[in-house]
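A.B. asks: So here's my_file02.txt (compact mmCIF, N, CA and C atoms).
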# COMPACT_ATOMS: atom_id res chain seq x y z
N MET A 23 -19.57 -18.04 -30.39
CA MET A 23 -19.82 -16.98 -29.43
C MET A 23 -21.32 -16.69 -29.43
N ARG A 24 -21.84 -16.41 -28.26
CA ARG A 24 -23.27 -16.14 -28.11
C ARG A 24 -23.62 -14.79 -28.71
N ALA A 25 -24.88 -14.64 -29.09
CA ALA A 25 -25.36 -13.39 -29.67
C ALA A 25 -25.23 -12.26 -28.64
N ALA A 26 -24.97 -11.07 -29.15
CA ALA A 26 -24.79 -9.91 -28.28
C ALA A 26 -26.01 -9.67 -27.40
N SER A 27 -27.19 -9.85 -27.95
CA SER A 27 -28.41 -9.57 -27.20
C SER A 27 -28.58 -10.52 -26.02
N VAL A 28 -27.93 -11.67 -26.04
CA VAL A 28 -28.02 -12.65 -24.95
C VAL A 28 -27.06 -12.29 -23.81
N GLU A 29 -25.99 -11.60 -24.12
CA GLU A 29 -24.95 -11.30 -23.14
C GLU A 29 -24.78 -9.80 -22.92
N LEU A 30 -25.87 -9.08 -22.83
CA LEU A 30 -25.78 -7.62 -22.73
C LEU A 30 -24.91 -7.13 -21.58
N GLU A 31 -25.12 -7.65 -20.40
CA GLU A 31 -24.36 -7.17 -19.24
C GLU A 31 -22.86 -7.36 -19.44
N ARG A 32 -22.49 -8.45 -20.02
CA ARG A 32 -21.07 -8.74 -20.25
C ARG A 32 -20.52 -7.91 -21.42
N ARG A 33 -21.37 -7.67 -22.43
CA ARG A 33 -20.91 -6.98 -23.64
C ARG A 33 -20.80 -5.46 -23.46
N ARG A 34 -21.68 -4.86 -22.68
CA ARG A 34 -21.72 -3.38 -22.59
C ARG A 34 -20.36 -2.75 -22.30
N PRO A 35 -19.64 -3.18 -21.26
CA PRO A 35 -18.34 -2.54 -21.01
C PRO A 35 -17.34 -2.78 -22.15
N VAL A 36 -17.45 -3.92 -22.81
CA VAL A 36 -16.56 -4.22 -23.94
C VAL A 36 -16.86 -3.26 -25.09
N TRP A 37 -18.15 -3.10 -25.41
CA TRP A 37 -18.53 -2.17 -26.47
C TRP A 37 -18.04 -0.76 -26.15
N ASP A 38 -18.24 -0.34 -24.92
CA ASP A 38 -17.85 1.01 -24.52
C ASP A 38 -16.34 1.18 -24.66
N ALA A 39 -15.57 0.21 -24.19
CA ALA A 39 -14.11 0.30 -24.28
C ALA A 39 -13.65 0.29 -25.74
N LEU A 40 -14.18 -0.63 -26.54
CA LEU A 40 -13.77 -0.71 -27.95
C LEU A 40 -14.21 0.51 -28.75
N SER A 41 -15.27 1.16 -28.33
CA SER A 41 -15.73 2.35 -29.07
C SER A 41 -14.68 3.45 -29.05
N ASP A 42 -13.82 3.46 -28.04
CA ASP A 42 -12.77 4.48 -27.98
C ASP A 42 -11.80 4.39 -29.16
N LEU A 43 -11.69 3.22 -29.77
CA LEU A 43 -10.82 3.07 -30.93
C LEU A 43 -11.33 3.85 -32.13
N PHE A 44 -12.60 4.24 -32.11
CA PHE A 44 -13.22 4.93 -33.23
C PHE A 44 -13.43 6.41 -32.97
N LEU A 45 -12.88 6.91 -31.87
CA LEU A 45 -12.97 8.34 -31.60
C LEU A 45 -12.02 9.11 -32.52
N ASP A 46 -12.38 10.33 -32.80
CA ASP A 46 -11.60 11.18 -33.69
C ASP A 46 -10.50 11.90 -32.91
N ARG A 47 -9.66 11.08 -32.27
CA ARG A 47 -8.52 11.61 -31.53
C ARG A 47 -7.50 10.48 -31.37
N GLU A 48 -6.28 10.87 -31.09
CA GLU A 48 -5.23 9.87 -30.92
C GLU A 48 -5.26 9.33 -29.50
N LEU A 49 -5.34 8.00 -29.39
CA LEU A 49 -5.33 7.38 -28.07
C LEU A 49 -3.91 7.39 -27.52
N GLN A 50 -3.81 7.52 -26.22
CA GLN A 50 -2.54 7.56 -25.51
C GLN A 50 -2.29 6.22 -24.82
N PRO A 51 -1.06 5.98 -24.38
CA PRO A 51 -0.76 4.72 -23.68
C PRO A 51 -1.70 4.45 -22.49
N ASP A 52 -2.08 5.48 -21.75
CA ASP A 52 -3.03 5.27 -20.64
C ASP A 52 -4.39 4.80 -21.14
N ASP A 53 -4.80 5.28 -22.32
CA ASP A 53 -6.06 4.83 -22.92
C ASP A 53 -5.96 3.36 -23.28
N HIS A 54 -4.83 2.97 -23.89
CA HIS A 54 -4.64 1.56 -24.26
C HIS A 54 -4.70 0.66 -23.03
N ARG A 55 -4.06 1.07 -21.94
CA ARG A 55 -4.04 0.28 -20.71
C ARG A 55 -5.45 0.15 -20.14
N ARG A 56 -6.18 1.26 -20.08
CA ARG A 56 -7.55 1.24 -19.55
C ARG A 56 -8.43 0.32 -20.38
N ILE A 57 -8.35 0.42 -21.70
CA ILE A 57 -9.15 -0.43 -22.59
C ILE A 57 -8.77 -1.89 -22.38
N ALA A 58 -7.46 -2.18 -22.35
CA ALA A 58 -7.00 -3.56 -22.15
C ALA A 58 -7.49 -4.12 -20.83
N ASP A 59 -7.50 -3.32 -19.78
CA ASP A 59 -7.99 -3.78 -18.47
C ASP A 59 -9.47 -4.16 -18.54
N VAL A 60 -10.26 -3.33 -19.20
CA VAL A 60 -11.69 -3.63 -19.33
C VAL A 60 -11.88 -4.92 -20.13
N LEU A 61 -11.17 -5.03 -21.24
CA LEU A 61 -11.30 -6.22 -22.09
C LEU A 61 -10.85 -7.48 -21.37
N ALA A 62 -9.75 -7.39 -20.65
CA ALA A 62 -9.24 -8.55 -19.91
C ALA A 62 -10.24 -9.01 -18.84
N SER A 63 -10.89 -8.06 -18.20
CA SER A 63 -11.84 -8.42 -17.15
C SER A 63 -13.15 -8.98 -17.69
N SER A 64 -13.37 -8.87 -19.00
CA SER A 64 -14.61 -9.38 -19.59
C SER A 64 -14.66 -10.90 -19.65
N GLY A 65 -13.49 -11.53 -19.66
CA GLY A 65 -13.45 -12.99 -19.77
C GLY A 65 -13.50 -13.50 -21.20
N TYR A 66 -13.63 -12.61 -22.17
CA TYR A 66 -13.61 -13.03 -23.58
C TYR A 66 -12.18 -13.30 -24.01
N SER A 67 -12.01 -14.24 -24.92
CA SER A 67 -10.68 -14.51 -25.48
C SER A 67 -10.32 -13.36 -26.44
N GLU A 68 -9.05 -13.31 -26.78
CA GLU A 68 -8.61 -12.30 -27.74
C GLU A 68 -9.36 -12.44 -29.06
N ALA A 69 -9.56 -13.67 -29.52
CA ALA A 69 -10.28 -13.89 -30.78
C ALA A 69 -11.73 -13.41 -30.67
N GLU A 70 -12.36 -13.67 -29.53
CA GLU A 70 -13.74 -13.20 -29.34
C GLU A 70 -13.80 -11.68 -29.29
N LEU A 71 -12.83 -11.06 -28.65
CA LEU A 71 -12.80 -9.60 -28.59
C LEU A 71 -12.62 -9.01 -29.98
N GLU A 72 -11.79 -9.63 -30.79
CA GLU A 72 -11.61 -9.13 -32.15
C GLU A 72 -12.89 -9.30 -32.97
N GLU A 73 -13.61 -10.39 -32.73
CA GLU A 73 -14.91 -10.58 -33.40
C GLU A 73 -15.90 -9.48 -32.99
N ILE A 74 -15.94 -9.17 -31.71
CA ILE A 74 -16.82 -8.10 -31.23
C ILE A 74 -16.42 -6.78 -31.87
N LEU A 75 -15.12 -6.53 -31.95
CA LEU A 75 -14.63 -5.32 -32.58
C LEU A 75 -15.07 -5.23 -34.05
N CYS A 76 -14.87 -6.31 -34.79
CA CYS A 76 -15.12 -6.30 -36.24
C CYS A 76 -16.57 -6.52 -36.64
N ARG A 77 -17.33 -7.25 -35.84
CA ARG A 77 -18.70 -7.58 -36.22
C ARG A 77 -19.78 -6.77 -35.50
N GLU A 78 -19.41 -6.14 -34.38
CA GLU A 78 -20.41 -5.42 -33.61
C GLU A 78 -20.10 -3.93 -33.52
N VAL A 79 -18.93 -3.59 -33.04
CA VAL A 79 -18.59 -2.18 -32.82
C VAL A 79 -18.17 -1.49 -34.12
N GLY A 80 -17.26 -2.11 -34.85
CA GLY A 80 -16.75 -1.52 -36.08
C GLY A 80 -17.81 -1.15 -37.11
N PRO A 81 -18.74 -2.05 -37.41
CA PRO A 81 -19.75 -1.72 -38.41
C PRO A 81 -20.61 -0.50 -38.06
N VAL A 82 -20.74 -0.22 -36.79
CA VAL A 82 -21.54 0.93 -36.36
C VAL A 82 -20.71 2.21 -36.34
N LEU A 83 -19.45 2.11 -35.93
CA LEU A 83 -18.67 3.32 -35.65
C LEU A 83 -17.61 3.70 -36.68
N TRP A 84 -17.28 2.85 -37.62
CA TRP A 84 -16.19 3.16 -38.55
C TRP A 84 -16.38 4.48 -39.29
N PRO A 85 -17.62 4.89 -39.63
CA PRO A 85 -17.74 6.17 -40.35
C PRO A 85 -17.21 7.37 -39.56
N ASN A 86 -17.17 7.27 -38.23
CA ASN A 86 -16.67 8.38 -37.43
C ASN A 86 -15.20 8.69 -37.74
N LEU A 87 -14.43 7.67 -38.10
CA LEU A 87 -13.01 7.89 -38.39
C LEU A 87 -12.81 8.55 -39.74
N LEU A 88 -13.83 8.55 -40.58
CA LEU A 88 -13.73 9.17 -41.90
C LEU A 88 -14.44 10.51 -41.95
N SER A 89 -15.02 10.93 -40.85
CA SER A 89 -15.77 12.18 -40.79
C SER A 89 -14.81 13.36 -40.63
N VAL A 90 -15.19 14.48 -41.23
CA VAL A 90 -14.38 15.69 -41.09
C VAL A 90 -14.38 16.17 -39.65
N ALA A 91 -15.50 16.09 -39.01
CA ALA A 91 -15.61 16.52 -37.60
C ALA A 91 -16.28 15.40 -36.81
N GLY A 92 -15.55 14.34 -36.56
CA GLY A 92 -16.10 13.18 -35.87
C GLY A 92 -16.20 13.37 -34.37
N VAL A 93 -16.87 12.42 -33.75
CA VAL A 93 -17.01 12.41 -32.29
C VAL A 93 -15.64 12.16 -31.69
N TRP A 94 -15.23 12.95 -30.72
CA TRP A 94 -13.93 12.77 -30.10
C TRP A 94 -14.00 12.63 -28.58
N THR A 95 -15.17 12.93 -27.99
CA THR A 95 -15.28 12.87 -26.53
C THR A 95 -15.82 11.54 -26.01
N GLY A 96 -16.51 10.80 -26.84
CA GLY A 96 -17.09 9.52 -26.42
C GLY A 96 -18.47 9.35 -27.00
N PHE A 97 -18.84 8.11 -27.23
CA PHE A 97 -20.15 7.79 -27.80
C PHE A 97 -21.15 7.53 -26.68
N ASP A 98 -22.38 7.93 -26.91
CA ASP A 98 -23.45 7.67 -25.96
C ASP A 98 -23.65 6.15 -25.86
N ARG A 99 -23.56 5.61 -24.67
CA ARG A 99 -23.64 4.15 -24.48
C ARG A 99 -24.99 3.58 -24.90
N ASP A 100 -26.06 4.26 -24.58
CA ASP A 100 -27.39 3.76 -24.97
C ASP A 100 -27.55 3.75 -26.48
N TRP A 101 -27.08 4.82 -27.13
CA TRP A 101 -27.14 4.89 -28.59
C TRP A 101 -26.34 3.75 -29.20
N LEU A 102 -25.11 3.55 -28.70
CA LEU A 102 -24.24 2.51 -29.24
C LEU A 102 -24.88 1.13 -29.09
N GLU A 103 -25.39 0.85 -27.92
CA GLU A 103 -26.05 -0.44 -27.70
C GLU A 103 -27.21 -0.63 -28.67
N GLY A 104 -28.03 0.39 -28.81
CA GLY A 104 -29.17 0.31 -29.71
C GLY A 104 -28.76 0.04 -31.15
N GLU A 105 -27.72 0.72 -31.59
CA GLU A 105 -27.25 0.54 -32.97
C GLU A 105 -26.67 -0.86 -33.18
N ILE A 106 -25.92 -1.34 -32.22
CA ILE A 106 -25.35 -2.69 -32.34
C ILE A 106 -26.46 -3.74 -32.37
N LEU A 107 -27.43 -3.60 -31.49
CA LEU A 107 -28.53 -4.58 -31.46
C LEU A 107 -29.40 -4.49 -32.71
N ARG A 108 -29.60 -3.29 -33.25
CA ARG A 108 -30.35 -3.17 -34.51
C ARG A 108 -29.61 -3.88 -35.63
N ALA A 109 -28.30 -3.69 -35.68
CA ALA A 109 -27.50 -4.34 -36.72
C ALA A 109 -27.53 -5.86 -36.56
N GLU A 110 -27.54 -6.34 -35.31
CA GLU A 110 -27.59 -7.78 -35.06
C GLU A 110 -28.89 -8.37 -35.60
N ASN A 111 -29.94 -7.59 -35.57
CA ASN A 111 -31.25 -8.06 -36.04
C ASN A 111 -31.44 -7.87 -37.54
N ARG A 112 -30.42 -7.35 -38.21
CA ARG A 112 -30.44 -7.23 -39.67
C ARG A 112 -29.27 -8.03 -40.21
N PRO A 113 -29.46 -9.34 -40.41
CA PRO A 113 -28.33 -10.18 -40.82
C PRO A 113 -27.71 -9.75 -42.14
N TRP A 114 -28.42 -9.03 -42.95
CA TRP A 114 -27.87 -8.56 -44.22
C TRP A 114 -26.90 -7.40 -44.00
N PHE A 115 -26.94 -6.74 -42.82
CA PHE A 115 -26.05 -5.63 -42.54
C PHE A 115 -24.76 -6.15 -41.93
N ARG A 116 -23.70 -6.04 -42.64
CA ARG A 116 -22.43 -6.55 -42.15
C ARG A 116 -21.42 -5.42 -41.91
N GLY A 117 -21.68 -4.25 -42.42
CA GLY A 117 -20.72 -3.16 -42.29
C GLY A 117 -19.55 -3.40 -43.24
N PRO A 118 -18.46 -2.69 -43.02
CA PRO A 118 -17.31 -2.85 -43.91
C PRO A 118 -16.64 -4.20 -43.68
N PRO A 119 -15.90 -4.66 -44.67
CA PRO A 119 -15.16 -5.91 -44.47
C PRO A 119 -14.21 -5.79 -43.28
N ARG A 120 -13.93 -6.91 -42.67
CA ARG A 120 -13.04 -6.98 -41.51
C ARG A 120 -11.72 -6.24 -41.78
N ALA A 121 -11.18 -6.41 -42.97
CA ALA A 121 -9.90 -5.77 -43.30
C ALA A 121 -9.98 -4.25 -43.21
N VAL A 122 -11.11 -3.67 -43.58
CA VAL A 122 -11.27 -2.22 -43.51
C VAL A 122 -11.29 -1.78 -42.05
N THR A 123 -12.09 -2.45 -41.24
CA THR A 123 -12.16 -2.11 -39.82
C THR A 123 -10.78 -2.22 -39.18
N MET A 124 -10.10 -3.32 -39.43
CA MET A 124 -8.81 -3.53 -38.80
C MET A 124 -7.77 -2.54 -39.30
N THR A 125 -7.84 -2.14 -40.56
CA THR A 125 -6.91 -1.13 -41.06
C THR A 125 -7.11 0.19 -40.33
N LEU A 126 -8.37 0.54 -40.07
CA LEU A 126 -8.66 1.81 -39.42
C LEU A 126 -8.18 1.87 -37.97
N VAL A 127 -8.18 0.73 -37.29
CA VAL A 127 -7.84 0.73 -35.85
C VAL A 127 -6.60 -0.12 -35.53
N ARG A 128 -5.88 -0.54 -36.55
CA ARG A 128 -4.77 -1.49 -36.37
C ARG A 128 -3.76 -1.07 -35.30
N HIS A 129 -3.27 0.14 -35.36
CA HIS A 129 -2.25 0.57 -34.41
C HIS A 129 -2.75 0.46 -32.97
N ASP A 130 -3.92 1.00 -32.70
CA ASP A 130 -4.46 0.96 -31.34
C ASP A 130 -4.75 -0.48 -30.92
N TRP A 131 -5.31 -1.29 -31.81
CA TRP A 131 -5.63 -2.67 -31.47
C TRP A 131 -4.35 -3.44 -31.13
N GLU A 132 -3.28 -3.21 -31.87
CA GLU A 132 -2.01 -3.89 -31.58
C GLU A 132 -1.48 -3.49 -30.20
N GLN A 133 -1.60 -2.23 -29.85
CA GLN A 133 -1.16 -1.77 -28.53
C GLN A 133 -1.97 -2.43 -27.42
N ILE A 134 -3.26 -2.55 -27.64
CA ILE A 134 -4.15 -3.16 -26.65
C ILE A 134 -3.88 -4.66 -26.55
N ARG A 135 -3.76 -5.32 -27.68
CA ARG A 135 -3.48 -6.77 -27.68
C ARG A 135 -2.19 -7.08 -26.94
N ALA A 136 -1.18 -6.25 -27.12
CA ALA A 136 0.10 -6.48 -26.44
C ALA A 136 -0.08 -6.43 -24.93
N GLN A 137 -1.03 -5.65 -24.46
CA GLN A 137 -1.26 -5.55 -23.02
C GLN A 137 -2.20 -6.65 -22.52
N LEU A 138 -2.99 -7.21 -23.43
CA LEU A 138 -3.81 -8.37 -23.06
C LEU A 138 -2.94 -9.60 -22.88
N ASN A 139 -1.88 -9.70 -23.67
CA ASN A 139 -0.99 -10.85 -23.68
C ASN A 139 0.46 -10.37 -23.59
N PRO A 140 0.87 -9.87 -22.43
CA PRO A 140 2.20 -9.28 -22.33
C PRO A 140 3.34 -10.26 -22.66
N GLY A 141 3.18 -11.52 -22.38
CA GLY A 141 4.21 -12.50 -22.70
C GLY A 141 4.41 -12.66 -24.19
N ARG A 142 3.33 -12.57 -24.95
CA ARG A 142 3.40 -12.70 -26.38
C ARG A 142 4.18 -11.54 -27.00
N ALA A 143 3.95 -10.34 -26.51
CA ALA A 143 4.64 -9.15 -27.05
C ALA A 143 6.15 -9.27 -26.84
N ALA A 144 6.56 -9.83 -25.71
CA ALA A 144 7.99 -9.96 -25.42
C ALA A 144 8.65 -11.02 -26.29
N SER A 145 7.89 -12.02 -26.73
CA SER A 145 8.46 -13.11 -27.51
C SER A 145 8.48 -12.83 -29.00
N GLN A 146 7.89 -11.74 -29.43
CA GLN A 146 7.85 -11.45 -30.87
C GLN A 146 9.10 -10.74 -31.32
Mind converting the file's structure to structure tokens?
C.D. replies:
Amino acid sequence: MRAASVELERRRPVWDALSDLFLDRELQPDDHRRIADVLASSGYSEAELEEILCREVGPVLWPNLLSVAGVWTGFDRDWLEGEILRAENRPWFRGPPRAVTMTLVRHDWEQIRAQLNPGRAASQ
């Protein structure tokens, strides 16, 4: 997958949509559908989207889910982009292990994935 800084126009809506998984509120089915629609229209594969979630968005936003009074209305898009690109330029910064990120957002990610691949959800 290409570096985030090379595909900014394509990545921005994906980052914005995935950032909702880290808000300090419970996502609703309409939220899952909206996020899935944005992700599906990006053209990234499910594996690529999970990489973006775990390597770009998660390392920046995971602390919000552990905060006593975290952000619940939405993250500033310019701030988020800046933080992701700064992290990309610091190869030593990896954030939490993939397992930690996925544990924090597992339920919502599963709901979104099922809508990205509706046939798969029916066959499980």
A.B. asks: Any idea what's packed within 8 Å of stretch 42-45 of chain A, counting all atoms listed in the file, ignoring anything in its chain fewer than 4 positions away? Could you give it as an mmCIF file with N, CA and C atoms, in the frame of the given file?
C.D. replies:
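Saved as selection.cif:
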data_model
loop_
_atom_site.group_PDB
_atom_site.id
_atom_site.type_symbol
_atom_site.label_atom_id
_atom_site.label_comp_id
_atom_site.auth_asym_id
_atom_site.auth_seq_id
_atom_site.Cartn_x
_atom_site.Cartn_y
_atom_site.Cartn_z
ATOM 1 N N VAL A 36 -17.450 -3.920 -22.810
ATOM 2 C CA VAL A 36 -16.560 -4.220 -23.940
ATOM 3 C C VAL A 36 -16.860 -3.260 -25.090
ATOM 4 N N TRP A 37 -18.150 -3.100 -25.410
ATOM 5 C CA TRP A 37 -18.530 -2.170 -26.470
ATOM 6 C C TRP A 37 -18.040 -0.760 -26.150
ATOM 7 N N ASP A 38 -18.240 -0.340 -24.920
ATOM 8 C CA ASP A 38 -17.850 1.010 -24.520
ATOM 9 C C ASP A 38 -16.340 1.180 -24.660
ATOM 10 N N LEU A 49 -5.340 8.000 -29.390
ATOM 11 C CA LEU A 49 -5.330 7.380 -28.070
ATOM 12 C C LEU A 49 -3.910 7.390 -27.520
ATOM 13 N N GLY A 80 -17.260 -2.110 -34.850
ATOM 14 C CA GLY A 80 -16.750 -1.520 -36.080
ATOM 15 C C GLY A 80 -17.810 -1.150 -37.110
ATOM 16 N N LEU A 83 -19.450 2.110 -35.930
ATOM 17 C CA LEU A 83 -18.670 3.320 -35.650
ATOM 18 C C LEU A 83 -17.610 3.700 -36.680
ATOM 19 N N TRP A 84 -17.280 2.850 -37.620
ATOM 20 C CA TRP A 84 -16.190 3.160 -38.550
ATOM 21 C C TRP A 84 -16.380 4.480 -39.290
ATOM 22 N N PRO A 85 -17.620 4.890 -39.630
ATOM 23 C CA PRO A 85 -17.740 6.170 -40.350
ATOM 24 C C PRO A 85 -17.210 7.370 -39.560
ATOM 25 N N ASN A 86 -17.170 7.270 -38.230
ATOM 26 C CA ASN A 86 -16.670 8.380 -37.430
ATOM 27 C C ASN A 86 -15.200 8.690 -37.740
ATOM 28 N N LEU A 87 -14.430 7.670 -38.100
ATOM 29 C CA LEU A 87 -13.010 7.890 -38.390
ATOM 30 C C LEU A 87 -12.810 8.550 -39.740
ATOM 31 N N LEU A 88 -13.830 8.550 -40.580
ATOM 32 C CA LEU A 88 -13.730 9.170 -41.900
ATOM 33 C C LEU A 88 -14.440 10.510 -41.950
ATOM 34 N N GLY A 92 -15.550 14.340 -36.560
ATOM 35 C CA GLY A 92 -16.100 13.180 -35.870
ATOM 36 C C GLY A 92 -16.200 13.370 -34.370
ATOM 37 N N VAL A 93 -16.870 12.420 -33.750
ATOM 38 C CA VAL A 93 -17.010 12.410 -32.290
ATOM 39 C C VAL A 93 -15.640 12.160 -31.690
ATOM 40 N N TRP A 94 -15.230 12.950 -30.720
ATOM 41 C CA TRP A 94 -13.930 12.770 -30.100
ATOM 42 C C TRP A 94 -14.000 12.630 -28.580
ATOM 43 N N THR A 95 -15.170 12.930 -27.990
ATOM 44 C CA THR A 95 -15.280 12.870 -26.530
ATOM 45 C C THR A 95 -15.820 11.540 -26.010
ATOM 46 N N GLY A 96 -16.510 10.800 -26.840
ATOM 47 C CA GLY A 96 -17.090 9.520 -26.420
ATOM 48 C C GLY A 96 -18.470 9.350 -27.000
ATOM 49 N N PHE A 97 -18.840 8.110 -27.230
ATOM 50 C CA PHE A 97 -20.150 7.790 -27.800
ATOM 51 C C PHE A 97 -21.150 7.530 -26.680
ATOM 52 N N LEU A 126 -8.370 0.540 -40.070
ATOM 53 C CA LEU A 126 -8.660 1.810 -39.420
ATOM 54 C C LEU A 126 -8.180 1.870 -37.970
ATOM 55 N N VAL A 127 -8.180 0.730 -37.290
ATOM 56 C CA VAL A 127 -7.840 0.730 -35.850
ATOM 57 C C VAL A 127 -6.600 -0.120 -35.530
ATOM 58 N N ASP A 130 -3.920 1.000 -32.700
ATOM 59 C CA ASP A 130 -4.460 0.960 -31.340
ATOM 60 C C ASP A 130 -4.750 -0.480 -30.920
ATOM 61 N N TRP A 131 -5.310 -1.290 -31.810
ATOM 62 C CA TRP A 131 -5.630 -2.670 -31.470
ATOM 63 C C TRP A 131 -4.350 -3.440 -31.130
#
A.B. asks: Between atom CA of A:Glu70 and atom C of A:Arg128, what is the distance in Å, rounded to a tenth?
C.D. replies: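 Separating atom CA of A:Glu70 from atom C of A:Arg128 is a distance of 16.8 Å.
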A.B. asks: Can you tell me how far atom CA of A:Met124 sits from atom CA of A:Ala109, in Å to one decimal?
C.D. replies: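 Separating atom CA of A:Met124 from atom CA of A:Ala109 is a distance of 18.8 Å.
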A.B. asks: Determine the axis-aligned bounding box of all atoms of stretch 38-43 of chain A present in the file, pad each side by 3 Å, and express its centre and edge lengths in Å to one decimal place as AutoDock Vina command-line options.
C.D. replies:
--center_x -14.5 --center_y 1.9 --center_z -28.2 --size_x 13.4 --size_y 11.2 --size_z 13.9
A.B. asks: From the set A:Glu110, A:Glu132, A:Asp59, A:Asp100, which residue has the shortest atom-to-atom contact distance to A:Arg77, counting only C-alpha atoms?
C.D. replies: A:Glu110
A.B. asks: Considering only C-alpha atoms, state which residue in the set A:Glu103, A:Pro35, A:Leu30, A:His54 is at the smallest distance from A:Gln137.
C.D. replies: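 Using only C-alpha atoms, the shortest distance to A:Gln137 belongs to A:His54.
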